[in-house]
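Engineer: Got data_33.txt for you, compact mmCIF, C-alpha atoms and all ligand atoms:
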```
# COMPACT_ATOMS: atom_id res chain seq x y z
CA MET G 7 0.00 0.00 0.00
CA LYS G 8 1.17 3.49 -0.80
CA HIS G 9 1.91 5.93 1.96
CA LEU G 10 -0.49 8.87 2.24
CA ASN G 11 2.28 11.29 1.26
CA GLU G 12 2.80 9.34 -1.97
CA MET G 13 -0.90 9.56 -2.73
CA TYR G 14 -0.71 13.33 -2.39
CA GLN G 15 2.45 13.41 -4.52
CA GLU G 16 0.76 11.41 -7.23
CA LEU G 17 -1.94 14.09 -7.34
CA GLY G 18 0.65 16.85 -7.58
CA ILE G 19 1.13 17.97 -3.96
CA SER G 20 4.78 18.33 -2.95
CA GLU G 21 6.15 17.23 0.43
CA THR G 22 6.73 20.87 1.41
CA VAL G 23 3.17 22.00 0.69
CA LEU G 24 1.70 18.93 2.40
CA ALA G 25 3.86 19.45 5.48
CA TYR G 26 2.83 23.11 5.64
CA GLY G 27 -0.85 22.19 5.34
CA ASN G 28 -0.61 19.43 7.95
CA GLN G 29 1.06 21.74 10.43
CA ILE G 30 -1.80 24.25 9.98
CA GLU G 31 -4.41 21.51 10.22
CA ALA G 32 -2.91 20.29 13.49
CA GLN G 33 -3.73 23.68 15.04
CA LEU G 34 -7.39 23.47 14.06
CA LYS G 35 -8.56 20.54 16.19
CA GLU G 36 -10.82 22.64 18.42
CA ARG G 37 -12.34 24.56 15.53
CA PHE G 38 -13.08 21.33 13.71
CA GLU G 39 -14.60 19.78 16.82
CA ALA G 40 -16.98 22.70 17.18
CA ILE G 41 -17.96 22.38 13.50
CA ASP G 42 -18.60 18.65 14.00
CA GLN G 43 -20.80 19.40 17.01
CA THR G 44 -22.95 21.77 14.96
CA ALA G 45 -23.22 19.10 12.26
CA GLU G 46 -24.22 16.50 14.85
CA TYR G 47 -27.00 18.75 16.14
CA ASN G 48 -28.25 19.58 12.66
CA GLN G 49 -28.07 15.96 11.55
CA LEU G 50 -30.42 15.01 14.38
CA LYS G 51 -32.69 17.93 13.50
CA VAL G 52 -33.05 16.66 9.92
CA ILE G 53 -33.53 13.01 10.89
CA HIS G 54 -36.14 14.01 13.46
CA ALA G 55 -38.02 16.00 10.80
CA MET G 56 -37.92 13.04 8.40
CA GLN G 57 -39.13 10.58 11.02
CA LYS G 58 -41.86 12.86 12.34
CA HIS G 59 -43.32 13.27 8.86
CA LYS G 60 -43.00 9.56 8.09
CA VAL G 61 -40.78 9.77 5.05
CA SER G 62 -41.32 6.46 3.28
CA GLU G 63 -40.07 4.66 0.22
CA ALA G 64 -43.15 5.90 -1.62
CA CYS G 65 -41.91 9.48 -1.09
CA LEU G 66 -38.89 8.77 -3.25
CA SER G 67 -40.78 8.04 -6.44
CA ALA G 68 -41.54 10.36 -9.34
CA SER G 69 -44.69 12.14 -10.44
CA THR G 70 -45.40 13.48 -13.92
CA GLY G 71 -47.88 15.81 -15.60
CA TYR G 72 -49.71 18.06 -13.16
CA GLY G 73 -48.18 16.28 -10.23
CA TYR G 74 -51.37 16.29 -8.16
CA ASN G 75 -51.00 14.61 -4.77
CA ASP G 76 -47.28 14.08 -5.08
CA LEU G 77 -46.69 12.50 -1.67
CA GLY G 78 -42.91 12.88 -1.91
CA ARG G 79 -43.11 16.58 -2.72
CA ASP G 80 -45.67 17.40 -0.06
CA THR G 81 -43.84 15.40 2.60
CA LEU G 82 -40.50 16.99 1.70
CA GLU G 83 -42.05 20.41 2.15
CA ALA G 84 -43.32 19.33 5.57
CA VAL G 85 -39.80 18.11 6.41
CA TYR G 86 -38.23 21.46 5.45
CA ALA G 87 -40.88 23.30 7.45
CA GLU G 88 -40.22 21.05 10.46
CA ALA G 89 -36.43 21.40 10.29
CA PHE G 90 -36.61 25.18 9.90
CA HIS G 91 -39.43 25.51 12.48
CA THR G 92 -41.88 27.16 10.10
CA GLU G 93 -45.56 26.73 9.25
CA ALA G 94 -44.92 25.87 5.61
CA ALA G 95 -42.33 25.45 2.88
CA LEU G 96 -42.11 25.41 -0.88
CA VAL G 97 -39.30 23.15 -2.15
CA ARG G 98 -39.39 22.65 -5.89
CA PRO G 99 -37.36 21.67 -8.92
CA GLN G 100 -39.38 24.29 -10.84
CA ILE G 101 -37.48 26.94 -8.89
CA ALA G 102 -34.53 27.44 -11.25
CA CYS G 103 -32.02 28.97 -8.83
CA GLY G 104 -31.63 31.11 -5.72
CA THR G 105 -32.43 34.33 -7.55
CA HIS G 106 -35.66 32.78 -8.81
CA ALA G 107 -36.65 31.71 -5.28
CA LEU G 108 -35.97 35.23 -3.98
CA THR G 109 -37.94 36.72 -6.88
CA LEU G 110 -40.92 34.50 -6.06
CA ALA G 111 -40.87 35.43 -2.39
CA LEU G 112 -40.64 39.14 -3.22
CA SER G 113 -43.07 39.36 -6.12
CA GLY G 114 -45.54 37.02 -4.43
CA ASN G 115 -45.73 39.18 -1.34
CA LEU G 116 -45.42 42.72 -2.69
CA ARG G 117 -48.18 44.66 -4.41
CA PRO G 118 -48.17 47.95 -6.35
CA GLY G 119 -47.63 50.82 -3.94
CA ASP G 120 -45.69 48.69 -1.44
CA GLU G 121 -42.13 49.42 -0.50
CA LEU G 122 -39.24 47.00 -0.07
CA LEU G 123 -36.47 47.84 2.39
CA SER G 124 -32.95 46.43 2.59
CA PRO G 125 -31.52 47.50 5.96
CA VAL G 126 -28.16 45.75 5.34
CA GLY G 127 -26.90 47.59 2.27
CA LYS G 128 -26.88 46.53 -1.33
CA PRO G 129 -28.46 43.13 -1.95
CA TYR G 130 -26.90 40.35 -4.02
CA ASP G 131 -25.97 41.43 -7.56
CA THR G 132 -28.67 39.49 -9.38
CA LEU G 133 -31.36 41.11 -7.22
CA GLU G 134 -30.54 44.55 -8.59
CA GLU G 135 -32.49 43.76 -11.76
CA VAL G 136 -35.22 41.94 -9.84
CA ILE G 137 -35.82 45.00 -7.70
CA GLY G 138 -35.12 47.50 -10.47
CA ILE G 139 -32.07 49.14 -8.87
CA ARG G 140 -30.64 48.50 -12.34
CA PRO G 141 -33.49 48.97 -14.81
CA SER G 142 -34.80 45.68 -16.15
CA ARG G 143 -37.89 44.37 -17.86
CA GLY G 144 -40.36 42.92 -15.39
CA SER G 145 -38.62 44.34 -12.33
CA LEU G 146 -40.58 45.08 -9.14
CA LYS G 147 -40.10 48.73 -9.97
CA GLU G 148 -42.05 48.30 -13.22
CA TYR G 149 -44.89 46.90 -11.13
CA GLY G 150 -44.93 49.94 -8.89
CA VAL G 151 -42.98 48.54 -5.94
CA THR G 152 -40.53 51.08 -4.58
CA TYR G 153 -37.21 50.31 -2.91
CA ARG G 154 -35.25 51.81 -0.07
CA GLN G 155 -31.85 50.86 1.25
CA VAL G 156 -29.99 51.63 4.44
CA ASP G 157 -26.30 50.79 4.38
CA LEU G 158 -24.45 49.19 7.24
CA LEU G 159 -22.26 51.54 9.26
CA PRO G 160 -18.55 51.57 8.39
CA ASP G 161 -17.82 49.07 11.18
CA GLY G 162 -20.36 46.63 9.71
CA SER G 163 -23.05 47.23 12.35
CA PHE G 164 -26.71 48.17 11.74
CA ASP G 165 -27.61 51.83 11.26
CA PHE G 166 -30.64 51.65 13.58
CA GLU G 167 -31.33 55.37 13.42
CA ASN G 168 -31.66 55.46 9.64
CA ILE G 169 -33.47 52.11 9.52
CA LYS G 170 -36.10 53.61 11.81
CA LYS G 171 -36.37 56.65 9.53
CA ALA G 172 -36.66 54.46 6.42
CA ILE G 173 -39.65 52.47 7.72
CA ASN G 174 -42.88 54.17 6.65
CA GLU G 175 -46.53 53.38 5.98
CA LYS G 176 -45.60 51.78 2.61
CA THR G 177 -42.92 49.46 3.98
CA LYS G 178 -44.30 45.96 3.42
CA LEU G 179 -41.27 43.69 3.30
CA VAL G 180 -37.75 43.87 4.65
CA GLU G 181 -35.05 41.83 2.93
CA ILE G 182 -32.07 40.82 5.05
CA GLN G 183 -29.18 39.12 3.31
CA ARG G 184 -27.36 36.81 5.72
CA SER G 185 -24.22 36.10 3.69
CA LYS G 186 -21.88 38.87 2.58
CA GLY G 187 -21.97 37.36 -0.91
CA TYR G 188 -19.28 39.10 -2.90
CA LEU G 189 -19.09 42.18 -0.72
CA THR G 190 -16.53 42.88 1.96
CA ARG G 191 -19.03 43.45 4.76
CA PRO G 192 -19.18 40.79 7.47
CA THR G 193 -21.70 37.98 7.17
CA LEU G 194 -24.50 38.35 9.71
CA SER G 195 -24.88 35.82 12.49
CA VAL G 196 -28.36 34.45 13.15
CA ALA G 197 -28.31 36.26 16.50
CA GLN G 198 -27.60 39.60 14.78
CA ILE G 199 -30.43 38.94 12.33
CA GLY G 200 -32.71 38.30 15.31
CA GLU G 201 -31.70 41.58 16.88
CA LEU G 202 -32.45 43.44 13.64
CA ILE G 203 -35.83 41.75 13.23
CA ARG G 204 -36.83 42.59 16.81
CA PHE G 205 -35.96 46.22 16.17
CA ILE G 206 -37.91 46.37 12.91
CA LYS G 207 -40.97 44.59 14.33
CA GLY G 208 -40.83 46.96 17.28
CA ILE G 209 -41.42 49.80 14.85
CA LYS G 210 -43.81 48.04 12.50
CA PRO G 211 -45.06 44.66 13.73
CA ASP G 212 -46.80 43.58 10.51
CA VAL G 213 -43.84 44.08 8.18
CA ILE G 214 -42.68 40.84 6.52
CA CYS G 215 -39.09 40.02 7.46
CA MET G 216 -37.50 37.88 4.76
CA VAL G 217 -33.96 36.53 4.94
CA ASP G 218 -31.85 35.62 1.92
CA ASN G 219 -30.41 32.51 3.55
CA CYS G 220 -28.08 31.48 0.69
CA TYR G 221 -24.86 29.82 1.94
CA GLY G 222 -26.04 30.05 5.55
CA GLU G 223 -28.11 26.89 6.10
CA PHE G 224 -26.74 24.54 8.77
CA VAL G 225 -23.71 26.71 9.52
CA GLU G 226 -25.22 27.34 12.94
CA THR G 227 -27.63 25.27 15.03
CA ILE G 228 -30.37 27.86 14.56
CA GLU G 229 -31.74 29.49 11.42
CA PRO G 230 -33.22 32.98 10.95
CA THR G 231 -36.72 31.50 11.34
CA ASP G 232 -35.76 30.64 14.93
CA VAL G 233 -35.26 34.34 15.67
CA GLY G 234 -38.35 35.85 14.10
CA ALA G 235 -37.86 35.75 10.31
CA ASP G 236 -41.18 35.33 8.49
CA LEU G 237 -39.53 33.83 5.43
CA ILE G 238 -36.16 32.27 4.57
CA VAL G 239 -35.13 31.65 1.00
CA GLY G 240 -32.29 29.67 -0.57
CA SER G 241 -30.89 27.58 -3.38
CA LEU G 242 -30.72 23.78 -3.50
CA ILE G 243 -27.44 23.81 -5.39
CA LYS G 244 -25.98 25.40 -2.30
CA ASN G 245 -26.10 24.13 1.31
CA PRO G 246 -29.50 22.41 1.76
CA GLY G 247 -29.22 20.37 -1.45
CA GLY G 248 -26.23 18.61 0.12
CA GLY G 249 -24.55 18.38 -3.30
CA LEU G 250 -27.12 15.88 -4.54
CA ALA G 251 -30.04 18.10 -5.57
CA PRO G 252 -29.59 18.67 -9.32
CA ILE G 253 -31.69 21.87 -9.34
CA GLY G 254 -34.12 23.75 -7.14
CA GLY G 255 -34.82 26.35 -4.52
CA TYR G 256 -36.82 26.67 -1.33
CA ILE G 257 -38.91 29.18 0.55
CA ALA G 258 -39.90 28.45 4.15
CA GLY G 259 -41.94 30.51 6.58
CA LYS G 260 -45.44 31.64 7.47
CA GLN G 261 -48.15 29.73 5.63
CA GLU G 262 -49.68 32.81 4.02
CA TYR G 263 -46.41 34.18 2.68
CA VAL G 264 -45.26 30.79 1.35
CA GLU G 265 -48.64 30.38 -0.32
CA ASN G 266 -48.28 33.82 -1.93
CA ALA G 267 -44.94 32.76 -3.39
CA ALA G 268 -46.47 29.48 -4.64
CA TYR G 269 -49.19 31.47 -6.42
CA ARG G 270 -46.40 33.22 -8.29
CA LEU G 271 -44.47 30.04 -9.04
CA THR G 272 -47.42 28.23 -10.58
CA SER G 273 -50.49 30.45 -10.76
CA PRO G 274 -53.14 32.08 -8.62
CA GLY G 275 -55.51 29.40 -7.40
CA LEU G 276 -53.17 26.50 -8.17
CA GLY G 277 -50.29 27.35 -5.85
CA LYS G 278 -48.64 24.31 -4.27
CA GLU G 279 -51.20 21.84 -5.65
CA VAL G 280 -49.38 21.36 -8.97
CA GLY G 281 -45.76 20.77 -9.93
CA ALA G 282 -44.52 17.30 -10.84
CA THR G 283 -41.21 16.23 -9.33
CA LEU G 284 -40.05 14.09 -12.30
CA GLY G 285 -37.81 11.88 -10.18
CA VAL G 286 -35.80 14.43 -8.19
CA ASN G 287 -37.43 13.60 -4.84
CA ALA G 288 -34.86 11.00 -3.83
CA ALA G 289 -31.98 13.41 -4.47
CA PHE G 290 -33.77 16.20 -2.58
CA TYR G 291 -34.32 14.00 0.47
CA GLN G 292 -30.89 12.44 0.45
CA GLY G 293 -29.24 15.81 -0.16
CA PHE G 294 -31.09 17.39 2.75
CA PHE G 295 -30.10 14.41 4.89
CA LEU G 296 -26.42 14.87 3.97
CA ALA G 297 -26.45 18.68 4.08
CA PRO G 298 -25.35 19.11 7.74
CA THR G 299 -22.17 17.07 7.23
CA VAL G 300 -21.52 18.46 3.75
CA VAL G 301 -21.73 21.99 5.18
CA ALA G 302 -19.33 20.91 7.95
CA GLY G 303 -16.80 19.75 5.34
CA ALA G 304 -17.11 23.03 3.45
CA LEU G 305 -16.68 25.01 6.68
CA LYS G 306 -13.54 23.10 7.61
CA GLY G 307 -12.17 23.88 4.16
CA ALA G 308 -12.93 27.58 4.61
CA VAL G 309 -11.29 27.68 8.06
CA PHE G 310 -8.26 25.75 6.75
CA ALA G 311 -7.87 28.16 3.82
CA ALA G 312 -8.19 31.20 6.09
CA ASN G 313 -5.48 29.85 8.39
CA ILE G 314 -3.11 28.87 5.59
CA TYR G 315 -3.34 32.13 3.69
CA GLU G 316 -3.39 34.36 6.74
CA SER G 317 -0.25 32.68 8.01
CA LEU G 318 1.37 33.48 4.66
CA GLY G 319 0.55 37.16 5.07
CA PHE G 320 -2.53 37.55 2.84
CA ASP G 321 -5.74 39.31 3.89
CA VAL G 322 -8.51 36.82 4.56
CA VAL G 323 -12.20 37.44 5.28
CA PRO G 324 -13.33 35.98 7.65
CA ASN G 325 -9.95 35.84 9.41
CA SER G 326 -8.40 32.68 10.83
CA LYS G 327 -10.06 32.99 14.25
CA GLU G 328 -13.50 34.52 13.56
CA SER G 329 -16.68 32.55 14.04
CA ARG G 330 -18.39 31.51 10.82
CA HIS G 331 -21.86 32.37 9.58
CA ASP G 332 -21.59 31.22 5.97
CA ILE G 333 -19.30 28.96 3.91
CA ILE G 334 -17.59 31.65 1.81
CA GLN G 335 -13.92 32.47 2.26
CA ALA G 336 -12.25 35.47 0.63
CA VAL G 337 -8.49 35.70 0.12
CA THR G 338 -6.93 38.89 -1.21
CA PHE G 339 -3.71 38.52 -3.17
CA HIS G 340 -3.19 42.13 -4.38
CA ASP G 341 -1.89 40.46 -7.55
CA PRO G 342 -3.86 39.06 -10.54
CA GLU G 343 -1.45 36.13 -10.84
CA GLY G 344 -2.35 35.07 -7.29
CA VAL G 345 -6.06 34.90 -8.13
CA ILE G 346 -5.35 32.95 -11.32
CA ALA G 347 -2.96 30.48 -9.68
CA PHE G 348 -5.42 29.88 -6.81
CA CYS G 349 -8.28 29.09 -9.18
CA LYS G 350 -6.12 26.84 -11.35
CA GLY G 351 -5.30 24.85 -8.22
CA ILE G 352 -8.92 24.41 -7.20
CA GLN G 353 -9.74 23.21 -10.72
CA ALA G 354 -6.80 20.81 -10.82
CA ALA G 355 -8.05 19.13 -7.63
CA ALA G 356 -11.59 18.51 -8.92
CA PRO G 357 -13.12 15.08 -9.52
CA VAL G 358 -14.68 16.36 -12.77
CA ASP G 359 -12.86 18.43 -15.43
CA SER G 360 -9.59 18.44 -13.49
CA TYR G 361 -7.63 18.60 -16.77
CA VAL G 362 -9.31 21.88 -17.76
CA ASP G 363 -7.18 24.99 -17.28
CA PRO G 364 -9.41 27.94 -16.33
CA GLU G 365 -8.57 31.38 -17.77
CA PRO G 366 -10.02 34.82 -17.02
CA TRP G 367 -12.72 35.94 -19.48
CA ALA G 368 -15.16 38.79 -20.03
CA MET G 369 -18.25 37.22 -18.46
CA PRO G 370 -21.55 38.97 -19.26
CA GLY G 371 -22.74 41.14 -16.39
CA TYR G 372 -19.28 41.81 -14.92
CA ASP G 373 -17.22 44.96 -15.34
CA SER G 374 -13.88 43.11 -15.44
CA ASP G 375 -12.56 39.75 -16.55
CA VAL G 376 -13.48 36.94 -14.16
CA ILE G 377 -11.82 33.60 -13.55
CA MET G 378 -13.88 30.68 -12.29
CA ALA G 379 -12.87 27.25 -11.12
CA ALA G 380 -15.49 24.56 -10.80
CA GLY G 381 -15.13 20.88 -11.43
CA ALA G 382 -18.58 19.97 -10.23
CA PHE G 383 -21.00 17.08 -10.68
CA ILE G 384 -23.86 19.59 -10.82
CA GLN G 385 -23.29 22.53 -13.17
CA GLY G 386 -22.62 25.73 -11.24
CA SER G 387 -23.05 24.03 -7.88
CA SER G 388 -21.29 26.11 -5.27
CA ILE G 389 -21.69 23.68 -2.39
CA GLU G 390 -19.11 21.75 -4.41
CA LEU G 391 -15.53 23.02 -4.23
CA SER G 392 -15.40 26.16 -6.35
CA ALA G 393 -13.65 29.50 -6.57
CA ASP G 394 -13.93 32.65 -8.57
CA GLY G 395 -12.37 36.03 -8.69
CA PRO G 396 -12.73 39.22 -10.68
CA ILE G 397 -9.43 40.29 -12.24
CA LYS G 398 -9.38 43.74 -10.70
CA PRO G 399 -7.92 45.31 -7.55
CA PRO G 400 -7.68 44.27 -4.80
CA TYR G 401 -7.50 40.88 -6.56
CA THR G 402 -9.64 38.86 -4.20
CA VAL G 403 -10.64 35.27 -4.78
CA TYR G 404 -13.87 33.90 -3.28
CA PHE G 405 -13.78 30.29 -2.41
CA GLN G 406 -16.53 28.01 -1.16
CA GLY G 407 -17.81 24.50 -0.86
CA GLY G 408 -16.35 21.03 -0.84
CA LEU G 409 -18.59 17.99 -0.55
CA THR G 410 -16.04 16.43 1.77
CA TRP G 411 -13.38 17.95 4.01
CA ASN G 412 -10.77 15.66 2.41
CA HIS G 413 -11.49 17.09 -1.00
CA ALA G 414 -11.53 20.67 0.29
CA LYS G 415 -8.11 20.03 1.84
CA LEU G 416 -6.73 18.69 -1.42
CA GLY G 417 -8.11 21.70 -3.32
CA ILE G 418 -6.55 24.21 -0.96
CA LEU G 419 -3.21 22.38 -0.95
CA MET G 420 -3.31 22.36 -4.75
CA SER G 421 -3.99 26.11 -4.81
CA LEU G 422 -0.97 26.60 -2.55
CA GLU G 423 1.11 24.35 -4.78
CA LYS G 424 0.29 26.51 -7.81
CA LEU G 425 1.15 29.69 -5.90
CA VAL G 426 4.47 28.17 -4.83
CA ASN G 427 5.23 27.06 -8.39
CA LYS G 428 4.55 30.59 -9.63
CA GLY G 429 6.92 32.01 -7.03
CA ILE G 430 4.10 34.04 -5.46
CA VAL G 431 4.47 32.16 -2.20
CA VAL G 432 7.73 30.93 -0.72
CA LEU G 433 7.43 28.27 1.98
C1 LIG A 1 -26.06 32.56 -4.63
C2 LIG A 1 -26.79 33.66 -3.98
C3 LIG A 1 -27.95 34.20 -4.53
C4 LIG A 1 -28.50 33.80 -5.87
O1 LIG A 1 -28.52 32.47 -6.12
P1 LIG A 1 -28.39 31.91 -7.63
O2 LIG A 1 -28.68 30.47 -7.42
O3 LIG A 1 -26.99 32.17 -8.07
O4 LIG A 1 -29.38 32.59 -8.46
C5 LIG A 1 -28.59 35.19 -3.82
N1 LIG A 1 -28.11 35.64 -2.66
C6 LIG A 1 -26.97 35.16 -2.12
C7 LIG A 1 -26.48 35.72 -0.81
C8 LIG A 1 -26.27 34.16 -2.76
O5 LIG A 1 -25.16 33.68 -2.21
```
For the file at hand, write its structure as structure tokens.

Structural biologist:
Amino acid sequence: MKHLNEMYQELGISETVLAYGNQIEAQLKERFEAIDQTAEYNQLKVIHAMQKHKVSEACLSASTGYGYNDLGRDTLEAVYAEAFHTEAALVRPQIACGTHALTLALSGNLRPGDELLSPVGKPYDTLEEVIGIRPSRGSLKEYGVTYRQVDLLPDGSFDFENIKKAINEKTKLVEIQRSKGYLTRPTLSVAQIGELIRFIKGIKPDVICMVDNCYGEFVETIEPTDVGADLIVGSLIKNPGGGLAPIGGYIAGKQEYVENAAYRLTSPGLGKEVGATLGVNAAFYQGFFLAPTVVAGALKGAVFAANIYESLGFDVVPNSKESRHDIIQAVTFHDPEGVIAFCKGIQAAAPVDSYVDPEPWAMPGYDSDVIMAAGAFIQGSSIELSADGPIKPPYTVYFQGGLTWNHAKLGILMSLEKLVNKGIVVL
């Protein structure tokens, strides 16, 4: 049998890089233990939800056509609602992506004359066209929904004074984005989200508090719905799909608001009653079952990367010690070659398309070239090990995912190997 070091060497990891990585990993025992404890709690939460709602073999089969009385679909929605402690959930393959799920939750619950408020600064890029911050056909703005935004204070905290001023008789829905996404602000903890919701409801109790939960599910033992959120929304090719869901999104929360979103997804009157699952049920269930441990693997990868690159003198967000509230890790190289080498390493470690050499390109919708690394089983899946970075100052790469900690470790070691080979890092 080959020694483990030889296995790494065969994949392209030198003794020096492996030794460096192992020495960092050895310092992370306590962090990893805490991550495993969260996963243990969340695993039980999911199993309890599945048992309570009597998930059966029949739930795993497919429906076609209208999909009336799809037991698997309806039970899965009850399982999501149970796990997230909500009245209802909508979990569907007809939801194309996270942006689509967010659009359904917003457009289903806002009416002409209503106002949408983001009290945490600019929302995720793709929502700019949904809301109409950037003009777009079919935006909420076209339908007479206005938008207000209150930025976070320079230290990343809530601007309570201006949030209070921004809430008015038109304010119908407040959108709170949990993850920093591709901004440099800190990701919000569930406790912080709870504090914000309490403040907002204190001013206007009937306002709908919706949380963009993308990349946040199962990172903590509680979710925003445990601290007062009326709706949480996310993508199934991120955390809750566990890497197995081939498509989909979810919305969980108060019955009425979930129903409103379902009326948008299908049509008024039909709502959740239609929507065939075409055979994805088994992957949705199994993915949700695996999600707590998959998220744990991704988190370990993010913590490992933060510690490696911080120790080498690069800026990392979150830093090596900070507590985690999403699975995204940013590393700033202040050098385009650093971003490129990092991404090439992530790609080279992938189980799929490892032989592909990613290059920066002018992606539509971006104001600079972007390099992306993804060797995923599911196209675009970012719960799988992936990285991307715009080729512009400060030359930051965003890295996330990893279906297993072992793969995340290999990917990060490979990124380091490429940086060493380029002479950007000297060990
Ligand atoms: C990924 C993401 C979205 C959008 O999801 P897509 O599946 O890419 O459409 C929205 N908000 C946040 C915070 C995200 O991370």

Engineer: Ligand LIG 1 (chain A): which residues are within 9 Å, counting all atoms listed in the file, as a PyMOL selection string?

Structural biologist: chain G and resi 102-108+129-133+183-188+218-222+239-244+254-255+334+386-388

Engineer: Calculated over only C-alpha atoms, which of the candidates G:Val345, G:Val286, G:Ala95, G:Ala393 has the smallest distance to Asn266 in chain G?

Structural biologist: G:Ala95

Engineer: Report, in Å with one decimal, the straight-line distance from CA of Ile41 in chain G to CA of Tyr315 in chain G.

Structural biologist: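 We find that CA of Ile41 in chain G and CA of Tyr315 in chain G lie 20.1 Å from each other.
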
Engineer: Write out as lines of an AutoDock Vina configuration file an axis-aligned box for range 19-25 of chain G: all of its atoms listed in the file, 6 Å added on each side, centre and edge lengths in Å with one decimal.

Structural biologist:
```
center_x = 3.9
center_y = 19.6
center_z = 0.8
size_x = 17.6
size_y = 16.8
size_z = 21.4
```

Engineer: Which is closest to Glu328 in chain G among G:Thr193, G:Gln100, G:Ala347, G:Ala297, if we use only C-alpha atoms?

Structural biologist: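 The answer is G:Thr193, which sits nearest to Glu328 in chain G.
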
Engineer: May I have the residues within 6 Å of range 148-152 of chain G as an mmCIF file with C-alpha atoms, in the coordinates of the input, using all atoms listed in the file and disregarding those fewer than 6 positions away in the same chain?

Structural biologist:
```
data_model
loop_
_atom_site.group_PDB
_atom_site.id
_atom_site.type_symbol
_atom_site.label_atom_id
_atom_site.label_comp_id
_atom_site.auth_asym_id
_atom_site.auth_seq_id
_atom_site.Cartn_x
_atom_site.Cartn_y
_atom_site.Cartn_z
ATOM 1 C CA PRO G 118 -48.170 47.950 -6.350
ATOM 2 C CA GLY G 119 -47.630 50.820 -3.940
ATOM 3 C CA ASP G 120 -45.690 48.690 -1.440
ATOM 4 C CA GLU G 121 -42.130 49.420 -0.500
#
```

Engineer: By how many Å are CA of Arg270 in chain G and CA of Ala235 in chain G apart?

Structural biologist: 20.6 Å

Engineer: Please compute the CA of Asp321 in chain G-CA of Pro192 in chain G distance, one decimal, in Å.

Structural biologist: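 Distance between the two atoms: 14.0 Å.
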
Engineer: Once you count only C-alpha atoms, which residues end up no further than 10 Å from (-3.7, 18.3, 4.7) in the file's frame, shown as a list in words?

Structural biologist: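 Residues with an atom close enough to that point: Asn11, Tyr14, Ile19, Val23, Leu24, Ala25, Tyr26, Gly27, Asn28, Gln29, Ile30, Glu31, Ala32, Phe310, Trp411, Asn412, His413, Ala414, Lys415, Leu416, Gly417, Ile418 and Leu419 of chain G.
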
Engineer: Closest to Ile430 in chain G among G:Tyr47, G:Phe339, G:Trp367, G:Tyr256, using only C-alpha atoms?

Structural biologist: G:Phe339

Engineer: Thr402 in chain G: which residues within 7 Å, counting all atoms listed in the file, same-chain residues fewer than 2 positions away excluded, as a list in words?

Structural biologist: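 Near neighbours after the sequence-gap exclusion: Ala336, Val337, Thr338, Phe339, Val345, Gly395, Pro400 and Tyr404 of chain G.
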
Engineer: Which protein, DNA or RNA residues have an atom at most 10 Å from (-10.4, 35.6, -12.9), counting only C-alpha atoms? List them as a PyMOL selection string.

Structural biologist: chain G and resi 342-350+364-369+374-379+393-398+401-403

Engineer: My list of candidates is G:Ile209, G:Val180, G:Leu17, G:Leu34. Which is closest to Glu167 in chain G when distances are computed with only C-alpha atoms?

Structural biologist: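 Smallest separation from Glu167 in chain G among the options: G:Ile209.
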
Engineer: Can you write out as JSON lines which residues of range 156-197 of chain G fall within 9 Å of range 229-233 of chain G, alongside each residue's closest atom pair and its distance in Å to one decimal, counting only C-alpha atoms and ordering rows by chain and ascending residue number?

Structural biologist:
```
{"residue": "G:Arg184", "atom": "CA", "partner": "G:Pro230", "partner_atom": "CA", "distance": 8.7}
{"residue": "G:Ser195", "atom": "CA", "partner": "G:Pro230", "partner_atom": "CA", "distance": 8.9}
{"residue": "G:Val196", "atom": "CA", "partner": "G:Pro230", "partner_atom": "CA", "distance": 5.5}
{"residue": "G:Ala197", "atom": "CA", "partner": "G:Val233", "partner_atom": "CA", "distance": 7.3}
```

Engineer: Find, counting all atoms listed in the file, the residue in G:Thr109, G:Thr283, G:Ser392, G:Gln335 that gets nearest to Ala268 in chain G.

Structural biologist: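 Of G:Thr109, G:Thr283, G:Ser392, G:Gln335, the one nearest Ala268 in chain G is G:Thr109, counting all atoms listed in the file.
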
Engineer: Place N, CA, C and O atoms on range 306-310 of chain G and deliver the coordinates as a JSON list (two decimals), keeping the file's coordinate frame.

Structural biologist:
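Written file, rebuild-v9.json:
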```json
[["chain", "number", "residue", "atom", "x", "y", "z"],
["G", 306, "LYS", "N", -14.92, 23.45, 7.25],
["G", 306, "LYS", "CA", -13.54, 23.10, 7.61],
["G", 306, "LYS", "C", -12.59, 23.58, 6.52],
["G", 306, "LYS", "O", -11.52, 24.12, 6.82],
["G", 307, "GLY", "N", -13.00, 23.40, 5.27],
["G", 307, "GLY", "CA", -12.17, 23.88, 4.16],
["G", 307, "GLY", "C", -11.96, 25.38, 4.24],
["G", 307, "GLY", "O", -10.84, 25.88, 4.04],
["G", 308, "ALA", "N", -13.02, 26.11, 4.55],
["G", 308, "ALA", "CA", -12.93, 27.58, 4.61],
["G", 308, "ALA", "C", -12.00, 28.01, 5.76],
["G", 308, "ALA", "O", -11.16, 28.89, 5.59],
["G", 309, "VAL", "N", -12.14, 27.35, 6.90],
["G", 309, "VAL", "CA", -11.29, 27.68, 8.06],
["G", 309, "VAL", "C", -9.82, 27.33, 7.76],
["G", 309, "VAL", "O", -8.91, 28.10, 8.07],
["G", 310, "PHE", "N", -9.62, 26.19, 7.13],
["G", 310, "PHE", "CA", -8.26, 25.75, 6.75],
["G", 310, "PHE", "C", -7.63, 26.77, 5.80],
["G", 310, "PHE", "O", -6.49, 27.20, 6.00]]
```
